[in-house]
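Asker: My file is my_file-v7.tsv. It has TSV, C-alpha atoms and all ligand atoms:
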chain	number	residue	atom	x	y	z
A	170	MET	CA	0.00	0.00	0.00
A	171	MET	CA	1.12	3.57	-0.71
A	172	LYS	CA	2.88	5.61	1.91
A	173	LEU	CA	1.48	9.12	1.89
A	174	SER	CA	1.21	11.28	4.98
A	175	PRO	CA	-1.56	13.76	5.74
A	176	PHE	CA	-0.46	17.37	5.36
A	177	LYS	CA	-1.70	20.85	6.15
A	178	PHE	CA	-1.45	24.16	4.34
A	179	GLY	CA	-2.88	27.06	6.32
A	180	SER	CA	-6.23	26.01	7.69
A	181	VAL	CA	-6.69	23.13	5.22
A	182	GLU	CA	-5.95	19.61	6.33
A	183	ILE	CA	-5.59	16.95	3.65
A	184	THR	CA	-5.89	13.66	5.44
A	185	PHE	CA	-5.44	11.53	2.32
A	186	PRO	CA	-3.29	13.36	-0.25
A	187	VAL	CA	-4.78	11.92	-3.44
A	188	LEU	CA	-6.77	14.73	-5.04
A	189	LEU	CA	-9.25	14.97	-7.88
A	190	ALA	CA	-7.96	17.32	-10.63
A	191	PRO	CA	-10.18	20.12	-11.91
A	192	MET	CA	-11.54	19.19	-15.34
A	193	ALA	CA	-13.88	21.61	-17.10
A	194	GLY	CA	-16.99	19.84	-18.36
A	195	TYR	CA	-16.52	16.86	-16.00
A	196	THR	CA	-15.79	17.78	-12.40
A	197	ASP	CA	-19.08	19.38	-11.41
A	198	ALA	CA	-20.53	18.76	-7.95
A	199	ALA	CA	-22.03	15.42	-9.09
A	200	MET	CA	-18.65	13.90	-9.99
A	201	ARG	CA	-16.85	15.60	-7.11
A	202	THR	CA	-19.18	14.27	-4.42
A	203	LEU	CA	-18.95	10.74	-5.85
A	204	CYS	CA	-15.16	10.96	-5.74
A	205	LEU	CA	-15.18	12.37	-2.19
A	206	GLU	CA	-17.40	9.49	-1.07
A	207	HIS	CA	-14.93	7.09	-2.70
A	208	GLY	CA	-11.96	8.49	-0.86
A	209	THR	CA	-10.42	11.45	-2.67
A	210	GLY	CA	-8.68	13.74	-0.21
A	211	ALA	CA	-9.90	17.00	-1.78
A	212	VAL	CA	-11.55	18.44	-4.87
A	213	TYR	CA	-11.39	21.58	-7.00
A	214	THR	CA	-14.39	23.25	-8.62
A	215	GLU	CA	-14.56	23.71	-12.36
A	216	LEU	CA	-12.74	26.74	-13.74
A	217	ALA	CA	-14.41	30.15	-13.31
A	218	SER	CA	-13.31	33.41	-14.90
A	219	ALA	CA	-12.35	36.20	-12.49
A	220	GLU	CA	-13.53	38.78	-15.04
A	221	GLY	CA	-16.79	36.84	-15.40
A	222	LEU	CA	-17.34	36.96	-11.65
A	223	ARG	CA	-16.75	40.70	-11.76
A	224	ARG	CA	-19.23	41.24	-14.64
A	225	ASP	CA	-21.99	38.75	-13.78
A	226	ALA	CA	-21.35	37.18	-10.41
A	227	GLY	CA	-24.70	35.34	-10.32
A	228	LYS	CA	-24.20	33.47	-13.57
A	229	THR	CA	-20.45	32.79	-13.24
A	230	PHE	CA	-20.74	31.70	-9.61
A	231	GLN	CA	-22.85	28.74	-10.75
A	232	VAL	CA	-19.66	27.20	-12.15
A	233	LEU	CA	-18.16	27.23	-8.66
A	234	GLU	CA	-21.22	26.12	-6.68
A	235	PRO	CA	-20.22	23.35	-4.24
A	236	ALA	CA	-22.68	20.72	-3.00
A	237	GLU	CA	-23.86	20.80	0.58
A	238	GLY	CA	-21.17	19.47	2.89
A	239	GLU	CA	-18.62	19.14	0.07
A	240	HIS	CA	-15.17	19.43	1.69
A	241	PRO	CA	-12.31	20.10	1.32
A	242	VAL	CA	-13.07	22.08	-1.83
A	243	ALA	CA	-11.04	24.73	-3.66
A	244	GLY	CA	-12.62	27.52	-5.70
A	245	HIS	CA	-10.62	27.36	-8.96
A	246	ILE	CA	-10.29	30.64	-10.92
A	247	PHE	CA	-8.38	32.09	-13.86
A	248	GLY	CA	-7.52	35.58	-14.97
A	249	ALA	CA	-4.67	37.88	-15.91
A	250	ASP	CA	-5.56	40.95	-13.87
A	251	PRO	CA	-4.31	40.85	-10.26
A	252	GLN	CA	-7.13	43.13	-9.10
A	253	ALA	CA	-9.87	41.04	-10.74
A	254	MET	CA	-8.34	37.84	-9.33
A	255	ALA	CA	-8.20	39.41	-5.86
A	256	GLU	CA	-11.88	40.48	-6.11
A	257	ALA	CA	-12.91	37.02	-7.31
A	258	ALA	CA	-11.00	35.41	-4.43
A	259	ARG	CA	-12.69	37.75	-1.95
A	260	MET	CA	-16.09	36.79	-3.37
A	261	ILE	CA	-15.28	33.10	-2.92
A	262	GLU	CA	-14.08	33.66	0.64
A	263	GLN	CA	-17.19	35.69	1.51
A	264	ASP	CA	-19.43	32.92	0.18
A	265	GLY	CA	-18.23	30.87	3.14
A	266	ARG	CA	-18.45	27.40	1.59
A	267	PHE	CA	-14.90	27.04	0.24
A	268	ASP	CA	-11.82	25.75	2.02
A	269	TRP	CA	-9.23	27.45	-0.16
A	270	ILE	CA	-8.65	29.40	-3.38
A	271	ASP	CA	-6.80	27.88	-6.33
A	272	LEU	CA	-5.27	29.98	-9.12
A	273	ASN	CA	-5.08	28.43	-12.57
A	274	CYS	CA	-1.61	29.04	-14.01
A	275	GLY	CA	-1.45	26.13	-16.44
A	276	CYS	CA	-4.51	25.95	-18.70
A	277	PRO	CA	-3.32	25.93	-22.35
A	278	VAL	CA	-6.69	26.36	-24.11
A	279	LYS	CA	-7.00	29.28	-26.51
A	280	LYS	CA	-9.94	30.90	-24.73
A	281	VAL	CA	-7.81	31.28	-21.58
A	282	VAL	CA	-4.31	31.82	-23.01
A	283	SER	CA	-5.47	34.47	-25.50
A	284	ARG	CA	-6.50	36.60	-22.50
A	285	GLY	CA	-3.00	36.30	-21.03
A	286	ALA	CA	-4.26	33.92	-18.30
A	287	GLY	CA	-3.71	30.23	-17.44
A	288	ALA	CA	-0.54	28.86	-19.04
A	289	ALA	CA	0.21	32.28	-20.61
A	290	LEU	CA	1.31	33.35	-17.11
A	291	LEU	CA	4.25	30.96	-17.45
A	292	LYS	CA	5.58	33.38	-20.08
A	293	ASP	CA	5.21	36.31	-17.67
A	294	LEU	CA	6.36	35.17	-14.25
A	295	PRO	CA	6.41	38.68	-12.72
A	296	LEU	CA	2.66	38.94	-13.50
A	297	LEU	CA	2.05	35.44	-12.09
A	298	GLY	CA	3.81	36.58	-8.91
A	299	ARG	CA	1.73	39.77	-8.69
A	300	ILE	CA	-1.49	37.77	-9.06
A	301	VAL	CA	-0.57	35.43	-6.21
A	302	GLU	CA	0.48	38.37	-4.03
A	303	ALA	CA	-2.75	40.30	-4.74
A	304	VAL	CA	-4.93	37.27	-3.94
A	305	LYS	CA	-2.98	36.49	-0.78
A	306	ALA	CA	-3.39	40.07	0.39
A	307	ALA	CA	-7.15	39.98	-0.32
A	308	VAL	CA	-8.16	36.82	1.55
A	309	SER	CA	-7.35	34.88	4.68
A	310	LEU	CA	-8.18	31.50	3.12
A	311	PRO	CA	-5.13	29.53	1.94
A	312	VAL	CA	-4.13	30.06	-1.70
A	313	SER	CA	-2.72	27.42	-4.04
A	314	VAL	CA	-1.47	27.46	-7.61
A	315	LYS	CA	-2.12	24.82	-10.26
A	316	THR	CA	0.62	24.99	-12.83
A	317	ARG	CA	2.91	23.08	-15.18
A	318	ILE	CA	6.62	22.31	-15.48
A	319	GLY	CA	6.78	25.07	-18.12
A	320	PHE	CA	5.14	26.51	-21.21
A	321	ASN	CA	7.68	25.29	-23.75
A	322	ALA	CA	11.42	24.68	-23.88
A	323	GLU	CA	12.16	28.36	-24.66
A	324	THR	CA	10.18	29.97	-21.80
A	325	ALA	CA	10.82	30.05	-18.02
A	326	GLY	CA	12.16	26.85	-16.54
A	327	HIS	CA	10.52	24.74	-13.85
A	328	LEU	CA	12.78	25.99	-11.05
A	329	GLU	CA	12.07	29.64	-11.87
A	330	ILE	CA	8.34	28.86	-11.80
A	331	ALA	CA	8.72	27.10	-8.45
A	332	LYS	CA	10.60	30.06	-6.99
A	333	VAL	CA	8.05	32.67	-8.09
A	334	VAL	CA	5.11	30.59	-6.85
A	335	GLU	CA	6.63	30.16	-3.39
A	336	GLN	CA	8.12	33.63	-3.01
A	337	SER	CA	4.84	35.31	-3.92
A	338	GLY	CA	3.20	33.53	-1.01
A	339	ALA	CA	1.33	30.48	-2.35
A	340	ASP	CA	0.55	27.97	0.39
A	341	MET	CA	0.54	24.88	-1.86
A	342	VAL	CA	1.20	24.04	-5.50
A	343	ALA	CA	-0.09	21.31	-7.80
A	344	VAL	CA	2.15	20.67	-10.79
A	345	HIS	CA	1.08	18.98	-14.01
A	346	ALA	CA	4.29	17.34	-15.22
A	347	ARG	CA	3.86	18.28	-18.88
A	348	LEU	CA	4.72	21.43	-20.81
A	349	ALA	CA	1.70	23.56	-21.69
A	350	LYS	CA	2.54	23.27	-25.40
A	351	ASN	CA	1.85	19.52	-25.11
A	352	PHE	CA	-1.62	20.06	-23.62
A	353	HIS	CA	-2.53	16.67	-22.07
A	354	GLY	CA	-0.51	14.44	-24.39
A	355	GLY	CA	2.84	12.69	-24.22
A	356	ASP	CA	4.65	11.15	-21.30
A	357	PRO	CA	4.64	13.18	-18.07
A	358	ASP	CA	8.08	14.16	-16.80
A	359	TRP	CA	8.13	13.06	-13.17
A	360	GLU	CA	11.90	13.68	-12.80
A	361	THR	CA	11.40	17.39	-13.49
A	362	LEU	CA	8.45	17.34	-11.09
A	363	GLY	CA	10.85	15.90	-8.47
A	364	GLU	CA	13.31	18.78	-9.04
A	365	MET	CA	10.49	21.26	-8.37
A	366	LYS	CA	9.49	19.35	-5.24
A	367	ARG	CA	13.04	19.44	-3.90
A	368	ALA	CA	13.31	23.18	-4.57
A	369	LEU	CA	10.17	23.99	-2.56
A	370	LYS	CA	9.21	24.16	1.11
A	371	ILE	CA	5.44	24.36	0.49
A	372	PRO	CA	3.55	21.10	-0.15
A	373	VAL	CA	3.75	19.90	-3.76
A	374	ILE	CA	1.07	17.78	-5.39
A	375	GLY	CA	2.15	15.87	-8.49
A	376	ASN	CA	-0.16	15.50	-11.46
A	377	GLY	CA	-0.07	13.89	-14.88
A	378	GLY	CA	-0.29	10.30	-16.02
A	379	VAL	CA	-1.62	8.70	-12.83
A	380	ASN	CA	-4.28	6.19	-13.88
A	381	THR	CA	-3.71	3.28	-11.48
A	382	PRO	CA	-2.56	2.76	-7.87
A	383	GLY	CA	0.77	1.55	-9.33
A	384	ASP	CA	1.21	4.85	-11.22
A	385	ALA	CA	0.56	6.81	-8.02
A	386	GLU	CA	3.17	4.79	-6.19
A	387	ARG	CA	5.72	5.26	-8.98
A	388	MET	CA	5.11	9.02	-9.20
A	389	VAL	CA	5.74	9.40	-5.46
A	390	ALA	CA	8.83	7.16	-5.60
A	391	VAL	CA	10.34	9.06	-8.56
A	392	SER	CA	9.48	12.63	-7.51
A	393	GLY	CA	8.98	12.59	-3.74
A	394	VAL	CA	5.82	14.71	-4.01
A	395	ASP	CA	3.59	15.16	-0.96
A	396	GLY	CA	0.50	14.03	-2.79
A	397	VAL	CA	-0.92	12.97	-6.11
A	398	MET	CA	-3.64	14.51	-8.28
A	399	ILE	CA	-5.72	12.43	-10.68
A	400	GLY	CA	-7.53	13.77	-13.73
A	401	ARG	CA	-8.64	11.51	-16.57
A	402	GLY	CA	-8.01	8.37	-14.52
A	403	ALA	CA	-10.98	9.31	-12.34
A	404	ILE	CA	-13.50	9.88	-15.15
A	405	GLY	CA	-15.94	6.96	-15.06
A	406	ASN	CA	-13.80	5.58	-12.24
A	407	PRO	CA	-14.47	7.13	-8.83
A	408	TRP	CA	-13.30	3.84	-7.33
A	409	ILE	CA	-9.67	4.73	-8.10
A	410	PHE	CA	-9.35	6.73	-4.87
A	411	GLN	CA	-10.42	3.88	-2.62
A	412	GLU	CA	-8.20	1.52	-4.59
A	413	ILE	CA	-5.19	3.74	-3.88
A	414	ARG	CA	-6.25	4.01	-0.21
A	415	THR	CA	-6.57	0.26	0.27
A	416	GLY	CA	-4.04	-0.98	-2.28
A	417	CYS	CA	-6.73	-3.33	-3.62
A	418	THR	CA	-7.76	-3.06	-7.24
A	419	ALA	CA	-10.80	-4.85	-8.56
A	420	ARG	CA	-12.46	-5.27	-11.94
A	421	ARG	CA	-15.79	-3.51	-11.60
A	422	SER	CA	-18.70	-5.66	-12.70
A	423	ALA	CA	-21.10	-4.36	-15.34
A	424	ALA	CA	-23.85	-4.13	-12.70
A	425	GLU	CA	-21.61	-2.13	-10.35
A	426	ARG	CA	-20.82	0.31	-13.17
A	427	ARG	CA	-24.51	0.61	-14.05
A	428	ASP	CA	-25.39	1.44	-10.44
A	429	MET	CA	-22.68	4.10	-10.29
A	430	MET	CA	-23.89	5.60	-13.58
A	431	ALA	CA	-27.47	5.73	-12.30
A	432	GLU	CA	-26.33	7.53	-9.15
A	433	HIS	CA	-24.09	9.93	-11.08
A	434	LEU	CA	-26.91	10.80	-13.47
A	435	ARG	CA	-29.35	11.26	-10.57
A	436	ARG	CA	-26.96	13.76	-8.96
A	437	LEU	CA	-26.52	15.60	-12.25
A	438	VAL	CA	-30.28	15.97	-12.73
A	439	ALA	CA	-30.58	17.33	-9.15
A	440	LEU	CA	-27.71	19.75	-9.84
A	441	MET	CA	-29.29	20.99	-13.08
A	442	GLU	CA	-32.69	21.41	-11.37
A	443	LYS	CA	-31.03	23.56	-8.73
A	444	ARG	CA	-29.18	25.64	-11.36
A	445	HIS	CA	-32.31	26.18	-13.44
A	446	ALA	CA	-34.36	27.18	-10.39
A	447	ARG	CA	-31.68	29.72	-9.41
A	448	SER	CA	-31.10	31.23	-12.85
A	449	GLY	CA	-34.68	32.38	-13.38
A	450	ARG	CA	-33.97	32.49	-17.17
A	451	ALA	CA	-35.64	30.50	-19.92
A	452	GLU	CA	-33.23	27.62	-20.66
A	453	ARG	CA	-32.91	25.80	-23.99
A	454	HIS	CA	-32.86	22.37	-22.29
A	455	SER	CA	-34.91	21.06	-19.39
A	456	PRO	CA	-32.81	20.12	-16.32
A	457	GLU	CA	-33.11	16.44	-17.27
A	458	GLU	CA	-31.98	17.09	-20.86
A	459	ALA	CA	-29.10	19.29	-19.70
A	460	ALA	CA	-27.99	16.56	-17.26
A	461	CYS	CA	-28.17	13.89	-19.98
A	462	VAL	CA	-26.11	15.98	-22.41
A	463	LEU	CA	-23.44	16.45	-19.73
A	464	PHE	CA	-23.55	12.80	-18.68
A	465	ARG	CA	-23.14	11.46	-22.23
A	466	THR	CA	-19.45	12.42	-22.17
A	467	HIS	CA	-18.90	10.27	-19.05
A	468	ILE	CA	-20.55	7.12	-20.40
A	469	PRO	CA	-17.76	5.83	-22.68
A	470	TYR	CA	-15.41	5.96	-19.66
A	471	TYR	CA	-17.81	4.04	-17.40
A	472	VAL	CA	-18.42	1.31	-19.98
A	473	LYS	CA	-14.84	0.96	-21.22
A	474	GLY	CA	-14.39	-2.43	-22.82
A	475	MET	CA	-18.10	-3.21	-22.86
A	476	TYR	CA	-19.16	-1.85	-26.24
A	477	ASP	CA	-18.44	-1.02	-29.84
A	478	LYS	CA	-17.29	2.58	-29.42
A	479	LYS	CA	-18.52	4.03	-32.70
A	480	GLN	CA	-21.94	2.46	-32.37
A	481	LEU	CA	-22.35	3.57	-28.77
A	482	LEU	CA	-21.26	7.15	-29.40
A	483	MET	CA	-23.66	7.51	-32.32
A	484	LYS	CA	-26.52	6.21	-30.25
A	485	LEU	CA	-25.69	8.29	-27.19
A	486	ALA	CA	-25.67	11.50	-29.20
A	487	THR	CA	-29.44	11.25	-29.51
A	488	LEU	CA	-30.37	10.38	-25.92
A	489	VAL	CA	-31.82	13.16	-23.79
A	490	SER	CA	-33.78	11.38	-21.06
A	491	VAL	CA	-32.63	9.45	-18.01
A	492	ASP	CA	-34.82	6.49	-19.02
A	493	SER	CA	-33.39	6.25	-22.54
A	494	ILE	CA	-29.81	6.47	-21.26
A	495	MET	CA	-30.37	3.87	-18.54
A	496	GLU	CA	-32.13	1.59	-21.02
A	497	GLU	CA	-29.06	1.73	-23.27
A	498	VAL	CA	-26.79	1.09	-20.27
A	499	GLU	CA	-28.97	-1.86	-19.23
A	500	THR	CA	-28.59	-3.40	-22.71
A	501	LEU	CA	-24.81	-3.10	-22.40
A	502	VAL	CA	-24.87	-4.62	-18.93
A	503	SER	CA	-26.95	-7.60	-20.02
A	504	LYS	CA	-24.49	-8.27	-22.86
A	505	ASN	CA	-21.55	-8.16	-20.45
A	506	ARG	CA	-22.76	-10.27	-17.54
B	601	LIG	C1	-11.32	17.65	-20.18
B	601	LIG	C2	-10.28	18.29	-19.32
B	601	LIG	C3	-10.55	19.51	-18.73
B	601	LIG	C4	-9.59	20.13	-17.93
B	601	LIG	N1	-9.87	21.31	-17.32
B	601	LIG	C5	-8.95	21.88	-16.49
B	601	LIG	C6	-9.25	23.07	-15.78
B	601	LIG	O1	-10.33	23.65	-15.91
B	601	LIG	N2	-8.30	23.57	-14.95
B	601	LIG	C7	-7.07	22.99	-14.80
B	601	LIG	O2	-6.24	23.48	-14.03
B	601	LIG	N3	-6.77	21.86	-15.46
B	601	LIG	C8	-7.67	21.29	-16.29
B	601	LIG	N4	-7.38	20.12	-16.92
B	601	LIG	C9	-6.08	19.47	-16.66
B	601	LIG	C10	-6.21	18.45	-15.51
B	601	LIG	O3	-6.52	19.09	-14.30
B	601	LIG	C11	-4.91	17.66	-15.35
B	601	LIG	O4	-3.89	18.59	-15.05
B	601	LIG	C12	-4.53	16.90	-16.62
B	601	LIG	O5	-5.64	16.19	-17.13
B	601	LIG	C13	-3.36	15.93	-16.35
B	601	LIG	O6	-3.75	14.96	-15.41
B	601	LIG	P1	-4.12	13.45	-15.86
B	601	LIG	O7	-2.95	12.96	-16.69
B	601	LIG	O8	-4.28	12.72	-14.56
B	601	LIG	O9	-5.37	13.53	-16.66
B	601	LIG	C14	-8.32	19.50	-17.74
B	601	LIG	C15	-8.07	18.27	-18.35
B	601	LIG	C16	-9.03	17.66	-19.13
B	601	LIG	C17	-8.71	16.32	-19.75
Before anything else, please render the file you have as structure tokens.

Answerer:
Amino acid sequence: MMKLSPFKFGSVEITFPVLLAPMAGYTDAAMRTLCLEHGTGAVYTELASAEGLRRDAGKTFQVLEPAEGEHPVAGHIFGADPQAMAEAARMIEQDGRFDWIDLNCGCPVKKVVSRGAGAALLKDLPLLGRIVEAVKAAVSLPVSVKTRIGFNAETAGHLEIAKVVEQSGADMVAVHARLAKNFHGGDPDWETLGEMKRALKIPVIGNGGVNTPGDAERMVAVSGVDGVMIGRGAIGNPWIFQEIRTGCTARRSAAERRDMMAEHLRRLVALMEKRHARSGRAERHSPEEAACVLFRTHIPYYVKGMYDKKQLLMKLATLVSVDSIMEEVETLVSKNR
């Protein structure tokens, strides 16, 4: 079994340092609560824009909305303006339901980078430092940074990034061990992650390429990180956290996967009902339809190995009710008993 010790940063105590990574479009409160119940040590909300919170707090705040009793949870934000980031952080702190604030300094997608935010901050470390400083000065909640080992080979190196993150006052850092130019592809570089870990006094969470308990163990052995963060390995697989906790892996039966899917979808419908009730606007989809559209992207992960991918994806694209989705899942389950 893996040897990982609980750690604290500021007021946040992580008793089991295997965290769920933030993943836009996946890690809403439905997935996060399932993962917490299956042993993850902490979760991050989906990514919210600091400028968006400034302009239309009601609408943008929905992205951050935690479930009742969901802890420990970080409010995860992006932006390029220190003042806007500080205001957004203050708003999250005042809401009272979050345990800490996380600053996205690693997202490579165009929508974020073109605004000078996310991974673009790795090309402007003085600005990254000013953002962390402004947020730290604005809130008393702990502040973490989610970043990368670099943007590309020509921009700031991993040790410079580590230094700026720590010196500007971050309480914890999670590092995705890939360059931003590689998005989520290619082998993660856990040796470079280890060099960052050794250069830092604050807790370091390692991320990238952990899909099994064995991967988690190897990442910790190679890099010495204080904890591990799992992204894609947790989609359709909330069991991964308890497997790492216990050291026992198991092949999930088709029926077990069906039951988890039903519960996940139920939570998504409840979440969408809540969002629709709050928004007060006319929505294009009913809460059930909206939940089904979101859930369709999770299904191929849950039923890995149980289906003909092309056929399933074509069929799923048309399903917009819980009954039709669960009927399709039931057919798959009966074929895989
Ligand atoms: C669909 C998707 C959405 C993501 N969204 C975010 C995000 O909003 N914020 C962020 O910091 N990282 C985001 N990431 C990156 C993950 O948090 C993680 O760093 C990356 O997937 C590497 O971990 P993995 O190899 O365990 O998947 C996203 C990744 C994926 C696949």

Asker: Could you check the closest approach to Arg317 (chain A) for each of A:Val491, A:Ala253, A:Leu348, A:Leu297 and tell me which residue wins, using only C-alpha atoms?

Answerer: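 Smallest separation from Arg317 (chain A) among the options: A:Leu348.
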
Asker: What does the list of residues within 9 Å of ligand LIG 601 (chain B) look like if you count only C-alpha atoms and all ligand atoms, written as a ChimeraX atom specification?

Answerer: /A:189-196,213-217,245-247,271-277,287,314-317,343-347,352-354,357,376-380,398-403

Asker: At a cut-off of 9 Å, using all atoms listed in the file, what residues contact Leu434 (chain A)? Leave out same-chain residues fewer than 5 positions from it and give the result as a list in words.

Answerer: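 Contacts, with the query itself left out: Ala199, Met429, Ala439, Ala460, Cys461, Phe464 and Val491 of chain A.
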
Asker: Show which residues sit within 12 Å of Trp408 (chain A), as a PyMOL selection string. Count all atoms listed in the file, and ignore same-chain residues fewer than 2 positions away.

Answerer: chain A and resi 189+200+203-209+380-382+399+402-406+410-421+425-426+429+471

Asker: I need the chosen residues saved as a PDB file, in the frame of the given file, with C-alpha atoms.

Answerer:
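Result file follows (part34.pdb):
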ATOM      1  CA  LEU A 189      -9.250  14.970  -7.880  1.00  0.00           C
ATOM      2  CA  MET A 200     -18.650  13.900  -9.990  1.00  0.00           C
ATOM      3  CA  LEU A 203     -18.950  10.740  -5.850  1.00  0.00           C
ATOM      4  CA  CYS A 204     -15.160  10.960  -5.740  1.00  0.00           C
ATOM      5  CA  LEU A 205     -15.180  12.370  -2.190  1.00  0.00           C
ATOM      6  CA  GLU A 206     -17.400   9.490  -1.070  1.00  0.00           C
ATOM      7  CA  HIS A 207     -14.930   7.090  -2.700  1.00  0.00           C
ATOM      8  CA  GLY A 208     -11.960   8.490  -0.860  1.00  0.00           C
ATOM      9  CA  THR A 209     -10.420  11.450  -2.670  1.00  0.00           C
ATOM     10  CA  ASN A 380      -4.280   6.190 -13.880  1.00  0.00           C
ATOM     11  CA  THR A 381      -3.710   3.280 -11.480  1.00  0.00           C
ATOM     12  CA  PRO A 382      -2.560   2.760  -7.870  1.00  0.00           C
ATOM     13  CA  ILE A 399      -5.720  12.430 -10.680  1.00  0.00           C
ATOM     14  CA  GLY A 402      -8.010   8.370 -14.520  1.00  0.00           C
ATOM     15  CA  ALA A 403     -10.980   9.310 -12.340  1.00  0.00           C
ATOM     16  CA  ILE A 404     -13.500   9.880 -15.150  1.00  0.00           C
ATOM     17  CA  GLY A 405     -15.940   6.960 -15.060  1.00  0.00           C
ATOM     18  CA  ASN A 406     -13.800   5.580 -12.240  1.00  0.00           C
ATOM     19  CA  PHE A 410      -9.350   6.730  -4.870  1.00  0.00           C
ATOM     20  CA  GLN A 411     -10.420   3.880  -2.620  1.00  0.00           C
ATOM     21  CA  GLU A 412      -8.200   1.520  -4.590  1.00  0.00           C
ATOM     22  CA  ILE A 413      -5.190   3.740  -3.880  1.00  0.00           C
ATOM     23  CA  ARG A 414      -6.250   4.010  -0.210  1.00  0.00           C
ATOM     24  CA  THR A 415      -6.570   0.260   0.270  1.00  0.00           C
ATOM     25  CA  GLY A 416      -4.040  -0.980  -2.280  1.00  0.00           C
ATOM     26  CA  CYS A 417      -6.730  -3.330  -3.620  1.00  0.00           C
ATOM     27  CA  THR A 418      -7.760  -3.060  -7.240  1.00  0.00           C
ATOM     28  CA  ALA A 419     -10.800  -4.850  -8.560  1.00  0.00           C
ATOM     29  CA  ARG A 420     -12.460  -5.270 -11.940  1.00  0.00           C
ATOM     30  CA  ARG A 421     -15.790  -3.510 -11.600  1.00  0.00           C
ATOM     31  CA  GLU A 425     -21.610  -2.130 -10.350  1.00  0.00           C
ATOM     32  CA  ARG A 426     -20.820   0.310 -13.170  1.00  0.00           C
ATOM     33  CA  MET A 429     -22.680   4.100 -10.290  1.00  0.00           C
ATOM     34  CA  TYR A 471     -17.810   4.040 -17.400  1.00  0.00           C
TER      35      TYR A 471
END

Asker: Can you pull out every residue within 12 Å of region 288-294 of chain A, counting only C-alpha atoms, but drop anything in the same chain fewer than 4 positions away, and send it as number ranges by chain?

Answerer: A: 247-251, 272-284, 298-301, 314-337, 344-345, 347-352

Asker: What would the file look like if the residues just selected were written as a CSV table (one decimal), keeping the file's coordinate frame with C-alpha atoms?

Answerer:
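After the write, selection_30.csv holds the following:
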chain,number,residue,atom,x,y,z
A,247,PHE,CA,-8.4,32.1,-13.9
A,248,GLY,CA,-7.5,35.6,-15.0
A,249,ALA,CA,-4.7,37.9,-15.9
A,250,ASP,CA,-5.6,41.0,-13.9
A,251,PRO,CA,-4.3,40.8,-10.3
A,272,LEU,CA,-5.3,30.0,-9.1
A,273,ASN,CA,-5.1,28.4,-12.6
A,274,CYS,CA,-1.6,29.0,-14.0
A,275,GLY,CA,-1.4,26.1,-16.4
A,276,CYS,CA,-4.5,26.0,-18.7
A,277,PRO,CA,-3.3,25.9,-22.4
A,278,VAL,CA,-6.7,26.4,-24.1
A,279,LYS,CA,-7.0,29.3,-26.5
A,280,LYS,CA,-9.9,30.9,-24.7
A,281,VAL,CA,-7.8,31.3,-21.6
A,282,VAL,CA,-4.3,31.8,-23.0
A,283,SER,CA,-5.5,34.5,-25.5
A,284,ARG,CA,-6.5,36.6,-22.5
A,298,GLY,CA,3.8,36.6,-8.9
A,299,ARG,CA,1.7,39.8,-8.7
A,300,ILE,CA,-1.5,37.8,-9.1
A,301,VAL,CA,-0.6,35.4,-6.2
A,314,VAL,CA,-1.5,27.5,-7.6
A,315,LYS,CA,-2.1,24.8,-10.3
A,316,THR,CA,0.6,25.0,-12.8
A,317,ARG,CA,2.9,23.1,-15.2
A,318,ILE,CA,6.6,22.3,-15.5
A,319,GLY,CA,6.8,25.1,-18.1
A,320,PHE,CA,5.1,26.5,-21.2
A,321,ASN,CA,7.7,25.3,-23.8
A,322,ALA,CA,11.4,24.7,-23.9
A,323,GLU,CA,12.2,28.4,-24.7
A,324,THR,CA,10.2,30.0,-21.8
A,325,ALA,CA,10.8,30.0,-18.0
A,326,GLY,CA,12.2,26.8,-16.5
A,327,HIS,CA,10.5,24.7,-13.8
A,328,LEU,CA,12.8,26.0,-11.0
A,329,GLU,CA,12.1,29.6,-11.9
A,330,ILE,CA,8.3,28.9,-11.8
A,331,ALA,CA,8.7,27.1,-8.4
A,332,LYS,CA,10.6,30.1,-7.0
A,333,VAL,CA,8.0,32.7,-8.1
A,334,VAL,CA,5.1,30.6,-6.8
A,335,GLU,CA,6.6,30.2,-3.4
A,336,GLN,CA,8.1,33.6,-3.0
A,337,SER,CA,4.8,35.3,-3.9
A,344,VAL,CA,2.2,20.7,-10.8
A,345,HIS,CA,1.1,19.0,-14.0
A,347,ARG,CA,3.9,18.3,-18.9
A,348,LEU,CA,4.7,21.4,-20.8
A,349,ALA,CA,1.7,23.6,-21.7
A,350,LYS,CA,2.5,23.3,-25.4
A,351,ASN,CA,1.8,19.5,-25.1
A,352,PHE,CA,-1.6,20.1,-23.6

Asker: Name the residues in contact with region 174-180 of chain A at a cut-off of 7 Å, using only C-alpha atoms, excluding same-chain residues fewer than 6 positions from it; report them as a PDB file with C-alpha atoms, in the coordinates of the input.

Answerer:
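That gives us out07.pdb:
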ATOM      1  CA  PRO A 186      -3.290  13.360  -0.250  1.00  0.00           C
ATOM      2  CA  PRO A 311      -5.130  29.530   1.940  1.00  0.00           C
ATOM      3  CA  ASP A 340       0.550  27.970   0.390  1.00  0.00           C
ATOM      4  CA  MET A 341       0.540  24.880  -1.860  1.00  0.00           C
TER       5      MET A 341
END

Asker: Please, what distance in Å, to one decimal, runs between CA of Val462 (chain A) and CA of Ser218 (chain A)?

Answerer: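 Atom-to-atom, CA of Val462 (chain A) and CA of Ser218 (chain A) are spaced 22.9 Å apart.
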
Asker: Just want the 8 Å neighbourhood of His445 (chain A), counted on all atoms listed in the file, with same-chain residues fewer than 5 positions away dropped. Output as an mmCIF file with C-alpha atoms, in the coordinates of the input.

Answerer:
data_model
loop_
_atom_site.group_PDB
_atom_site.id
_atom_site.type_symbol
_atom_site.label_atom_id
_atom_site.label_comp_id
_atom_site.auth_asym_id
_atom_site.auth_seq_id
_atom_site.Cartn_x
_atom_site.Cartn_y
_atom_site.Cartn_z
ATOM 1 C CA ARG A 450 -33.970 32.490 -17.170
ATOM 2 C CA GLU A 452 -33.230 27.620 -20.660
ATOM 3 C CA PRO A 456 -32.810 20.120 -16.320
#
